[in-house]
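Engineer: If it helps, the file is called entry.pdb and holds PDB, C-alpha atoms and all ligand atoms:
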ATOM      1  CA  MET A   1      -3.887   9.293   4.924  1.00  0.00           C
ATOM      2  CA  LYS A   2      -1.248   8.113   2.474  1.00  0.00           C
ATOM      3  CA  PHE A   3      -2.169   6.362  -0.757  1.00  0.00           C
ATOM      4  CA  PHE A   4       0.159   3.686  -2.138  1.00  0.00           C
ATOM      5  CA  ILE A   5      -0.555   1.649  -5.265  1.00  0.00           C
ATOM      6  CA  ASP A   6      -0.414  -2.141  -4.977  1.00  0.00           C
ATOM      7  CA  THR A   7       1.075  -3.265  -8.288  1.00  0.00           C
ATOM      8  CA  ALA A   8       4.312  -3.909 -10.183  1.00  0.00           C
ATOM      9  CA  ASP A   9       2.769  -2.784 -13.483  1.00  0.00           C
ATOM     10  CA  VAL A  10       4.627   0.390 -14.456  1.00  0.00           C
ATOM     11  CA  GLN A  11       1.802   1.607 -16.706  1.00  0.00           C
ATOM     12  CA  GLU A  12      -0.557   1.531 -13.729  1.00  0.00           C
ATOM     13  CA  ILE A  13       2.018   3.255 -11.516  1.00  0.00           C
ATOM     14  CA  ARG A  14       2.539   6.000 -14.112  1.00  0.00           C
ATOM     15  CA  ALA A  15      -1.232   6.566 -14.396  1.00  0.00           C
ATOM     16  CA  ALA A  16      -1.704   6.753 -10.605  1.00  0.00           C
ATOM     17  CA  HIS A  17       1.354   8.998 -10.279  1.00  0.00           C
ATOM     18  CA  ALA A  18      -0.127  11.359 -12.879  1.00  0.00           C
ATOM     19  CA  LEU A  19      -3.098  11.956 -10.545  1.00  0.00           C
ATOM     20  CA  GLY A  20      -0.640  13.753  -8.261  1.00  0.00           C
ATOM     21  CA  ILE A  21      -1.746  11.968  -5.091  1.00  0.00           C
ATOM     22  CA  LEU A  22       0.471   8.882  -5.080  1.00  0.00           C
ATOM     23  CA  ASP A  23       2.634   8.527  -1.961  1.00  0.00           C
ATOM     24  CA  GLY A  24       4.265   5.131  -2.566  1.00  0.00           C
ATOM     25  CA  VAL A  25       4.156   1.666  -4.117  1.00  0.00           C
ATOM     26  CA  THR A  26       3.878  -1.866  -2.734  1.00  0.00           C
ATOM     27  CA  THR A  27       4.928  -4.899  -4.728  1.00  0.00           C
ATOM     28  CA  ASN A  28       5.063  -8.586  -3.881  1.00  0.00           C
ATOM     29  CA  PRO A  29       6.546 -11.651  -5.641  1.00  0.00           C
ATOM     30  CA  SER A  30       3.200 -12.513  -7.286  1.00  0.00           C
ATOM     31  CA  LEU A  31       2.756  -8.980  -8.636  1.00  0.00           C
ATOM     32  CA  VAL A  32       6.306  -8.937 -10.046  1.00  0.00           C
ATOM     33  CA  ALA A  33       5.819 -12.399 -11.598  1.00  0.00           C
ATOM     34  CA  LYS A  34       2.580 -11.182 -13.218  1.00  0.00           C
ATOM     35  CA  THR A  35       4.490  -8.524 -15.199  1.00  0.00           C
ATOM     36  CA  GLY A  36       6.565 -11.247 -16.909  1.00  0.00           C
ATOM     37  CA  ARG A  37       9.545  -8.858 -16.757  1.00  0.00           C
ATOM     38  CA  PRO A  38      12.971  -9.240 -15.100  1.00  0.00           C
ATOM     39  CA  PHE A  39      12.791  -8.370 -11.370  1.00  0.00           C
ATOM     40  CA  ARG A  40      15.627  -5.818 -11.271  1.00  0.00           C
ATOM     41  CA  GLU A  41      14.427  -4.039 -14.417  1.00  0.00           C
ATOM     42  CA  VAL A  42      10.865  -3.650 -13.091  1.00  0.00           C
ATOM     43  CA  ILE A  43      11.956  -2.414  -9.667  1.00  0.00           C
ATOM     44  CA  ALA A  44      14.422   0.065 -11.198  1.00  0.00           C
ATOM     45  CA  GLU A  45      11.649   1.499 -13.375  1.00  0.00           C
ATOM     46  CA  ILE A  46       9.238   1.754 -10.444  1.00  0.00           C
ATOM     47  CA  LEU A  47      11.877   3.556  -8.381  1.00  0.00           C
ATOM     48  CA  GLU A  48      12.349   6.037 -11.192  1.00  0.00           C
ATOM     49  CA  ILE A  49       8.632   6.856 -11.340  1.00  0.00           C
ATOM     50  CA  CYS A  50       7.907   6.976  -7.617  1.00  0.00           C
ATOM     51  CA  LYS A  51      10.150   8.832  -5.192  1.00  0.00           C
ATOM     52  CA  GLY A  52       8.061   7.773  -2.177  1.00  0.00           C
ATOM     53  CA  PRO A  53       8.513   4.460  -0.313  1.00  0.00           C
ATOM     54  CA  VAL A  54       8.566   1.399  -2.611  1.00  0.00           C
ATOM     55  CA  SER A  55       8.154  -1.956  -0.844  1.00  0.00           C
ATOM     56  CA  VAL A  56      10.155  -4.802  -2.372  1.00  0.00           C
ATOM     57  CA  GLU A  57       9.735  -8.271  -0.887  1.00  0.00           C
ATOM     58  CA  VAL A  58      12.340 -10.903  -0.117  1.00  0.00           C
ATOM     59  CA  VAL A  59      11.634 -14.504  -1.133  1.00  0.00           C
ATOM     60  CA  ALA A  60      14.025 -16.185   1.306  1.00  0.00           C
ATOM     61  CA  THR A  61      12.388 -17.751   4.355  1.00  0.00           C
ATOM     62  CA  GLU A  62      15.295 -17.947   6.806  1.00  0.00           C
ATOM     63  CA  THR A  63      16.645 -14.947   8.696  1.00  0.00           C
ATOM     64  CA  GLU A  64      20.219 -14.946   7.352  1.00  0.00           C
ATOM     65  CA  ALA A  65      19.087 -15.466   3.770  1.00  0.00           C
ATOM     66  CA  MET A  66      16.413 -12.763   4.201  1.00  0.00           C
ATOM     67  CA  LEU A  67      19.097 -10.366   5.405  1.00  0.00           C
ATOM     68  CA  ALA A  68      21.309 -11.181   2.422  1.00  0.00           C
ATOM     69  CA  GLU A  69      18.432 -10.470   0.006  1.00  0.00           C
ATOM     70  CA  ALA A  70      17.489  -7.325   1.951  1.00  0.00           C
ATOM     71  CA  GLN A  71      21.060  -6.086   1.652  1.00  0.00           C
ATOM     72  CA  GLU A  72      20.954  -6.394  -2.134  1.00  0.00           C
ATOM     73  CA  ILE A  73      17.442  -4.956  -2.466  1.00  0.00           C
ATOM     74  CA  SER A  74      18.473  -1.939  -0.333  1.00  0.00           C
ATOM     75  CA  THR A  75      21.098  -0.988  -2.906  1.00  0.00           C
ATOM     76  CA  MET A  76      18.420  -0.596  -5.600  1.00  0.00           C
ATOM     77  CA  GLY A  77      17.327   2.822  -4.339  1.00  0.00           C
ATOM     78  CA  GLU A  78      17.182   5.165  -1.360  1.00  0.00           C
ATOM     79  CA  ASN A  79      13.403   4.896  -1.102  1.00  0.00           C
ATOM     80  CA  VAL A  80      13.271   1.085  -1.003  1.00  0.00           C
ATOM     81  CA  VAL A  81      11.393  -0.513   1.914  1.00  0.00           C
ATOM     82  CA  ILE A  82      12.218  -4.151   2.660  1.00  0.00           C
ATOM     83  CA  LYS A  83       9.099  -6.313   2.767  1.00  0.00           C
ATOM     84  CA  LEU A  84       9.304  -9.299   5.104  1.00  0.00           C
ATOM     85  CA  PRO A  85       6.612 -11.744   6.234  1.00  0.00           C
ATOM     86  CA  VAL A  86       5.569 -11.763   9.905  1.00  0.00           C
ATOM     87  CA  THR A  87       7.103 -15.161  10.597  1.00  0.00           C
ATOM     88  CA  ALA A  88       9.622 -15.808  13.392  1.00  0.00           C
ATOM     89  CA  ASP A  89      12.454 -15.580  10.846  1.00  0.00           C
ATOM     90  CA  GLY A  90      10.909 -12.465   9.369  1.00  0.00           C
ATOM     91  CA  LEU A  91      10.661 -10.828  12.794  1.00  0.00           C
ATOM     92  CA  ARG A  92      14.299 -11.584  13.603  1.00  0.00           C
ATOM     93  CA  ALA A  93      15.306 -10.020  10.290  1.00  0.00           C
ATOM     94  CA  THR A  94      12.954  -7.083  10.946  1.00  0.00           C
ATOM     95  CA  LYS A  95      14.602  -6.370  14.309  1.00  0.00           C
ATOM     96  CA  THR A  96      18.106  -6.545  12.795  1.00  0.00           C
ATOM     97  CA  LEU A  97      17.243  -4.268   9.879  1.00  0.00           C
ATOM     98  CA  SER A  98      15.234  -1.799  11.985  1.00  0.00           C
ATOM     99  CA  ASP A  99      18.123  -1.506  14.459  1.00  0.00           C
ATOM    100  CA  ARG A 100      20.321  -0.601  11.464  1.00  0.00           C
ATOM    101  CA  GLY A 101      17.813   2.062  10.386  1.00  0.00           C
ATOM    102  CA  VAL A 102      16.519   0.124   7.362  1.00  0.00           C
ATOM    103  CA  PRO A 103      12.747   0.570   6.903  1.00  0.00           C
ATOM    104  CA  VAL A 104      10.773  -2.700   6.931  1.00  0.00           C
ATOM    105  CA  ASN A 105       7.211  -3.461   5.855  1.00  0.00           C
ATOM    106  CA  ASN A 106       5.935  -6.602   7.613  1.00  0.00           C
ATOM    107  CA  THR A 107       3.553  -8.355   5.267  1.00  0.00           C
ATOM    108  CA  LEU A 108       0.987 -11.177   5.397  1.00  0.00           C
ATOM    109  CA  CYS A 109      -0.421  -9.955   8.726  1.00  0.00           C
ATOM    110  CA  PHE A 110      -3.703 -11.592   9.693  1.00  0.00           C
ATOM    111  CA  SER A 111      -3.836 -11.005  13.464  1.00  0.00           C
ATOM    112  CA  ALA A 112      -3.470  -8.142  15.929  1.00  0.00           C
ATOM    113  CA  LEU A 113      -0.851 -10.115  17.853  1.00  0.00           C
ATOM    114  CA  GLN A 114       1.293 -10.399  14.735  1.00  0.00           C
ATOM    115  CA  ALA A 115       0.963  -6.608  14.402  1.00  0.00           C
ATOM    116  CA  LEU A 116       2.035  -6.159  18.028  1.00  0.00           C
ATOM    117  CA  MET A 117       5.110  -8.349  17.480  1.00  0.00           C
ATOM    118  CA  SER A 118       5.951  -6.389  14.349  1.00  0.00           C
ATOM    119  CA  ALA A 119       5.776  -3.050  16.180  1.00  0.00           C
ATOM    120  CA  LYS A 120       7.985  -4.428  18.957  1.00  0.00           C
ATOM    121  CA  ALA A 121      10.530  -5.495  16.314  1.00  0.00           C
ATOM    122  CA  GLY A 122      10.571  -1.900  15.051  1.00  0.00           C
ATOM    123  CA  ALA A 123       8.908  -2.318  11.640  1.00  0.00           C
ATOM    124  CA  ALA A 124       8.171   0.920   9.805  1.00  0.00           C
ATOM    125  CA  TYR A 125       4.916  -0.562   8.386  1.00  0.00           C
ATOM    126  CA  ILE A 126       2.574  -3.431   9.183  1.00  0.00           C
ATOM    127  CA  SER A 127       0.459  -4.759   6.299  1.00  0.00           C
ATOM    128  CA  PRO A 128      -2.790  -6.395   7.450  1.00  0.00           C
ATOM    129  CA  PHE A 129      -4.562  -8.133   4.528  1.00  0.00           C
ATOM    130  CA  VAL A 130      -8.236  -7.151   4.859  1.00  0.00           C
ATOM    131  CA  GLY A 131      -9.563  -8.630   1.597  1.00  0.00           C
ATOM    132  CA  ARG A 132      -8.079 -12.075   2.211  1.00  0.00           C
ATOM    133  CA  LEU A 133      -9.660 -12.098   5.691  1.00  0.00           C
ATOM    134  CA  ASP A 134     -13.053 -11.132   4.233  1.00  0.00           C
ATOM    135  CA  ASP A 135     -12.596 -13.986   1.730  1.00  0.00           C
ATOM    136  CA  VAL A 136     -12.586 -16.505   4.595  1.00  0.00           C
ATOM    137  CA  ALA A 137     -15.555 -14.901   6.393  1.00  0.00           C
ATOM    138  CA  HIS A 138     -13.504 -12.914   8.940  1.00  0.00           C
ATOM    139  CA  ASN A 139     -14.044  -9.174   9.221  1.00  0.00           C
ATOM    140  CA  GLY A 140     -10.859  -7.612   7.823  1.00  0.00           C
ATOM    141  CA  MET A 141     -11.699  -4.114   9.026  1.00  0.00           C
ATOM    142  CA  GLU A 142     -12.079  -5.307  12.627  1.00  0.00           C
ATOM    143  CA  LEU A 143      -8.397  -6.203  12.495  1.00  0.00           C
ATOM    144  CA  ILE A 144      -7.558  -2.622  11.503  1.00  0.00           C
ATOM    145  CA  HIS A 145      -9.589  -1.339  14.489  1.00  0.00           C
ATOM    146  CA  ASP A 146      -7.758  -3.698  16.847  1.00  0.00           C
ATOM    147  CA  ILE A 147      -4.301  -2.767  15.578  1.00  0.00           C
ATOM    148  CA  ARG A 148      -5.120   0.970  15.780  1.00  0.00           C
ATOM    149  CA  THR A 149      -6.229   0.533  19.413  1.00  0.00           C
ATOM    150  CA  ILE A 150      -3.142  -1.461  20.405  1.00  0.00           C
ATOM    151  CA  TYR A 151      -0.690   0.889  18.683  1.00  0.00           C
ATOM    152  CA  ASP A 152      -2.370   3.939  20.242  1.00  0.00           C
ATOM    153  CA  ASN A 153      -2.405   2.288  23.694  1.00  0.00           C
ATOM    154  CA  TYR A 154       1.376   2.060  23.677  1.00  0.00           C
ATOM    155  CA  GLY A 155       2.367   4.831  21.286  1.00  0.00           C
ATOM    156  CA  TYR A 156       3.879   2.506  18.656  1.00  0.00           C
ATOM    157  CA  THR A 157       4.874   4.470  15.571  1.00  0.00           C
ATOM    158  CA  THR A 158       4.695   1.520  13.135  1.00  0.00           C
ATOM    159  CA  GLU A 159       2.365   2.682  10.361  1.00  0.00           C
ATOM    160  CA  ILE A 160      -0.766   0.655   9.622  1.00  0.00           C
ATOM    161  CA  LEU A 161      -0.648  -0.020   5.877  1.00  0.00           C
ATOM    162  CA  VAL A 162      -3.992  -1.539   4.911  1.00  0.00           C
ATOM    163  CA  ALA A 163      -3.392  -4.173   2.209  1.00  0.00           C
ATOM    164  CA  SER A 164      -5.413  -6.606   0.109  1.00  0.00           C
ATOM    165  CA  ILE A 165      -7.930  -3.846  -0.568  1.00  0.00           C
ATOM    166  CA  ARG A 166     -10.773  -4.952  -2.836  1.00  0.00           C
ATOM    167  CA  HIS A 167     -13.217  -2.026  -2.964  1.00  0.00           C
ATOM    168  CA  PRO A 168     -13.726   1.644  -1.974  1.00  0.00           C
ATOM    169  CA  MET A 169     -15.400   0.768   1.355  1.00  0.00           C
ATOM    170  CA  HIS A 170     -12.090  -0.696   2.552  1.00  0.00           C
ATOM    171  CA  VAL A 171     -10.478   2.697   1.880  1.00  0.00           C
ATOM    172  CA  LEU A 172     -13.316   4.691   3.470  1.00  0.00           C
ATOM    173  CA  GLU A 173     -13.355   2.565   6.632  1.00  0.00           C
ATOM    174  CA  SER A 174      -9.544   2.655   6.865  1.00  0.00           C
ATOM    175  CA  ALA A 175      -9.699   6.463   6.852  1.00  0.00           C
ATOM    176  CA  GLN A 176     -12.473   6.473   9.469  1.00  0.00           C
ATOM    177  CA  ILE A 177     -10.433   4.191  11.740  1.00  0.00           C
ATOM    178  CA  GLY A 178      -7.299   6.280  11.278  1.00  0.00           C
ATOM    179  CA  ALA A 179      -5.072   3.800   9.417  1.00  0.00           C
ATOM    180  CA  ASP A 180      -1.926   5.513   8.154  1.00  0.00           C
ATOM    181  CA  VAL A 181      -1.763   4.129   4.611  1.00  0.00           C
ATOM    182  CA  CYS A 182      -3.950   2.263   2.115  1.00  0.00           C
ATOM    183  CA  THR A 183      -2.250   0.335  -0.657  1.00  0.00           C
ATOM    184  CA  ILE A 184      -4.805   0.356  -3.425  1.00  0.00           C
ATOM    185  CA  PRO A 185      -5.029  -1.764  -6.596  1.00  0.00           C
ATOM    186  CA  PHE A 186      -5.274   0.301  -9.792  1.00  0.00           C
ATOM    187  CA  GLY A 187      -8.872  -0.757 -10.451  1.00  0.00           C
ATOM    188  CA  VAL A 188     -10.021   0.650  -7.098  1.00  0.00           C
ATOM    189  CA  PHE A 189      -8.299   4.057  -7.551  1.00  0.00           C
ATOM    190  CA  ASP A 190     -10.742   5.043 -10.298  1.00  0.00           C
ATOM    191  CA  LYS A 191     -13.724   4.022  -8.187  1.00  0.00           C
ATOM    192  CA  LEU A 192     -12.639   6.418  -5.425  1.00  0.00           C
ATOM    193  CA  ILE A 193     -13.320   9.369  -7.734  1.00  0.00           C
ATOM    194  CA  LYS A 194     -16.350   8.236  -9.737  1.00  0.00           C
ATOM    195  CA  HIS A 195     -19.870   9.258  -8.727  1.00  0.00           C
ATOM    196  CA  PRO A 196     -22.861   9.186 -11.100  1.00  0.00           C
ATOM    197  CA  LEU A 197     -24.286  12.383  -9.563  1.00  0.00           C
ATOM    198  CA  THR A 198     -21.015  14.200 -10.321  1.00  0.00           C
ATOM    199  CA  ASP A 199     -21.275  13.120 -13.988  1.00  0.00           C
ATOM    200  CA  LEU A 200     -24.969  14.049 -14.245  1.00  0.00           C
ATOM    201  CA  GLY A 201     -24.447  17.365 -12.466  1.00  0.00           C
ATOM    202  CA  LEU A 202     -21.559  18.301 -14.738  1.00  0.00           C
ATOM    203  CA  GLU A 203     -23.586  17.436 -17.825  1.00  0.00           C
ATOM    204  CA  ALA A 204     -26.393  19.771 -16.664  1.00  0.00           C
ATOM    205  CA  PHE A 205     -23.995  22.623 -15.790  1.00  0.00           C
ATOM    206  CA  LEU A 206     -22.363  22.416 -19.223  1.00  0.00           C
ATOM    207  CA  SER A 207     -25.594  22.283 -21.191  1.00  0.00           C
ATOM    208  CA  ASP A 208     -27.061  25.261 -19.251  1.00  0.00           C
ATOM    209  CA  TRP A 209     -23.844  27.184 -19.801  1.00  0.00           C
ATOM    210  CA  ALA A 210     -23.830  26.396 -23.525  1.00  0.00           C
ATOM    211  CA  GLN A 211     -27.196  28.170 -23.855  1.00  0.00           C
ATOM    212  CA  THR A 212     -25.717  31.452 -22.586  1.00  0.00           C
ATOM    213  CA  GLY A 213     -23.227  31.598 -25.459  1.00  0.00           C
ATOM    214  CA  GLU A 214     -20.744  33.040 -22.933  1.00  0.00           C
ATOM    215  CA  SER A 215     -17.053  32.203 -22.508  1.00  0.00           C
ATOM    216  CA  VAL A 216     -15.190  32.099 -19.166  1.00  0.00           C
ATOM    217  CA  LEU A 217     -11.957  33.271 -20.799  1.00  0.00           C
ATOM    218  CA  SER A 218     -12.067  36.953 -21.845  1.00  0.00           C
ATOM    219  CA  SER A 219     -10.004  36.365 -24.998  1.00  0.00           C
TER     220      SER A 219
HETATM  221  C1  LIG A 301       0.317  -6.125   0.093  1.00  0.00           C
HETATM  222  O1  LIG A 301       1.268  -5.388   0.097  1.00  0.00           O
HETATM  223  C2  LIG A 301       0.012  -7.113  -0.960  1.00  0.00           C
HETATM  224  O2  LIG A 301       0.772  -6.814  -2.091  1.00  0.00           O
HETATM  225  C3  LIG A 301      -1.406  -7.092  -1.423  1.00  0.00           C
HETATM  226  O3  LIG A 301      -2.170  -6.048  -0.861  1.00  0.00           O
HETATM  227  C4  LIG A 301      -2.057  -8.423  -1.509  1.00  0.00           C
HETATM  228  O4  LIG A 301      -3.379  -8.260  -1.954  1.00  0.00           O
HETATM  229  P1  LIG A 301      -4.235  -9.442  -2.597  1.00  0.00           P
HETATM  230  O5  LIG A 301      -4.934 -10.150  -1.498  1.00  0.00           O
HETATM  231  O6  LIG A 301      -5.209  -8.729  -3.499  1.00  0.00           O
HETATM  232  O7  LIG A 301      -3.280 -10.330  -3.355  1.00  0.00           O
END
Could you render the structure from this file as structure tokens?

Structural biologist:
Amino acid sequence: MKFFIDTADVQEIRAAHALGILDGVTTNPSLVAKTGRPFREVIAEILEICKGPVSVEVVATETEAMLAEAQEISTMGENVVIKLPVTADGLRATKTLSDRGVPVNNTLCFSALQALMSAKAGAAYISPFVGRLDDVAHNGMELIHDIRTIYDNYGYTTEILVASIRHPMHVLESAQIGADVCTIPFGVFDKLIKHPLTDLGLEAFLSDWAQTGESVLSS
């Protein structure tokens, strides 16, 4: 499973990258706005840190205007992925870009049928938002199950990129289902590693070892 980080904060991206397990980055207009920094400057810095796929979203809502923005965003770096919403306009733009070999991440997916349309349009990634579904009392992970089944039924290669992740269980269940990618907020990354029994166990190992007076290194 690939791990992306869901942020436009370069400090967070650097910290996740330093773990050595970061495969890519997803941004969106809200995340870029939150940095308070100029759009082009932030994206350029992200592309310098992460050599894996970096999703950058258009803000136009009509196909032709989406394509014009996509064209400019594509020039920012070789590893840029164009993020488009799964609207009718977004799907038309997805088909055009995919036919040209430009990777697209279809975002704001809340139904398996939207995911099916996205795969048919040739998107490289589909981003179902599990946390936002949970927020309105729908089971977000059920959507991941459904998309996995449909894609496997027909051999679609569009990657399931689980988005709007709120806690480690979303990551665990995504891996159990066989989703291709999780895009994880910085705060959840840390929780994937932490376990109180690991901390307690390490404390005991070190205090027992200290009593031996030994050293692991010979000199
Ligand atoms: C996906 O790529 C989005 O950036 C993101 O996962 C949205 O998550 P949110 O519901 O926490 O805003």

Engineer: Give me the chain A side of the contact with ligand LIG 301 (chain A), cut-off 7 Å, one line per residue showing its nearest atom pair and distance in Å at one decimal, counting only C-alpha atoms and all ligand atoms, sorted by chain and residue number, as a Markdown table.

Structural biologist:
| residue | atom | partner | partner_atom | distance |
| --- | --- | --- | --- | --- |
| A:Asp6 | CA | A:LIG301 | O2 | 5.6 |
| A:Thr26 | CA | A:LIG301 | O1 | 5.2 |
| A:Thr27 | CA | A:LIG301 | O2 | 5.3 |
| A:Asn28 | CA | A:LIG301 | O2 | 5.0 |
| A:Thr107 | CA | A:LIG301 | O1 | 6.4 |
| A:Ser127 | CA | A:LIG301 | O1 | 6.3 |
| A:Phe129 | CA | A:LIG301 | O3 | 6.3 |
| A:Gly131 | CA | A:LIG301 | O5 | 5.8 |
| A:Arg132 | CA | A:LIG301 | O5 | 5.2 |
| A:Ala163 | CA | A:LIG301 | O3 | 3.8 |
| A:Ser164 | CA | A:LIG301 | O4 | 3.3 |
| A:Ile165 | CA | A:LIG301 | O3 | 6.2 |
| A:Arg166 | CA | A:LIG301 | O6 | 6.8 |
| A:Thr183 | CA | A:LIG301 | O3 | 6.4 |

Engineer: Let me make sure I understand: among A:Val130, A:Val81, A:Leu19, A:Ile150, which one has the smallest atom-to-atom distance to Val171 of chain A if we use only C-alpha atoms?

Structural biologist: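 The answer is A:Val130, which sits nearest to Val171 of chain A.
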
Engineer: List the residues matched by the PyMOL selection byres (((chain A and resi 168) around 9) and not hetatm) in the displayed structure as a ChimeraX atom specification, ordered by chain and then by residue number.

Structural biologist: /A:165-167,169-173,188-189,191-192

Engineer: Please list as a PyMOL selection string every residue within 12 Å of Lys95 of chain A, counting all atoms listed in the file and excluding residues in the same chain fewer than 3 positions away.

Structural biologist: chain A and resi 63+67+84+86+88-92+98-106+117-124

Engineer: Could you tell me which of A:Val54, A:Leu97, A:Val25, A:Leu47 comes closest to Glu69 of chain A if we count all atoms listed in the file?

Structural biologist: A:Leu97

Engineer: Quick one: residues within 10 Å of Ser30 of chain A, all atoms listed in the file counted, chain neighbours fewer than 5 positions away excluded, as a PyMOL selection string?

Structural biologist: chain A and resi 7-8+35

Engineer: Could you check which of A:Leu161, A:Ile126, A:Ile177, A:Ala15 is closest to Asp146 of chain A, using all atoms listed in the file?

Structural biologist: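 Once distances to Asp146 of chain A are computed over all atoms listed in the file, the minimum belongs to A:Ile177.
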
Engineer: For the atom pair atom CA of Val58 of chain A and atom CA of Ile160 of chain A, what is the interatomic distance in Å to one decimal place?

Structural biologist: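 Separating atom CA of Val58 of chain A from atom CA of Ile160 of chain A is a distance of 20.0 Å.
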
Engineer: Specify as a list in words each residue included when the PyMOL selection byres (((chain A and resi 3) around 9) and not hetatm) is applied to this file.

Structural biologist: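 When the PyMOL selection byres (((chain A and resi 3) around 9) and not hetatm) is applied, the selected residues are Met1, Lys2, Phe4, Ile5, Ile21, Leu22, Asp23, Gly24, Val25, Asp180, Val181, Cys182, Thr183 and Ile184 of chain A.
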
Engineer: Please, what distance in Å, to one decimal, runs between atom CA of Glu159 of chain A and atom CA of Cys109 of chain A?

Structural biologist: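 Taking atom CA of Glu159 of chain A as the start and atom CA of Cys109 of chain A as the end point, the length is 13.0 Å.
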
Engineer: Taking all atoms listed in the file into account, name the residue in A:Val216, A:Val59, A:Ala44, A:Val10 that is nearest to Val80 of chain A.

Structural biologist: A:Ala44

Engineer: Need the axis-aligned box for segment 133-145 of chain A with 4 Å each side, so what are the centre and edges in Å to one decimal, as JSON?

Structural biologist:
{"center_x": -11.6, "center_y": -8.9, "center_z": 8.1, "size_x": 16.0, "size_y": 23.2, "size_z": 20.8}

Engineer: So that I can check the surroundings of Asn79 of chain A, please list as JSON, numbers by chain every protein, DNA and RNA residue that reaches within 9 Å of it, counting all atoms listed in the file and ignoring chain neighbours fewer than 2 positions away.

Structural biologist: {"A": [47, 50, 51, 52, 53, 54, 55, 74, 76, 77, 81]}

Engineer: Mind pulling up the distance from atom CA of Gly20 of chain A to atom CA of Ile73 of chain A?

Structural biologist: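 We find that atom CA of Ile73 of chain A and atom CA of Gly20 of chain A lie 26.7 Å from each other.
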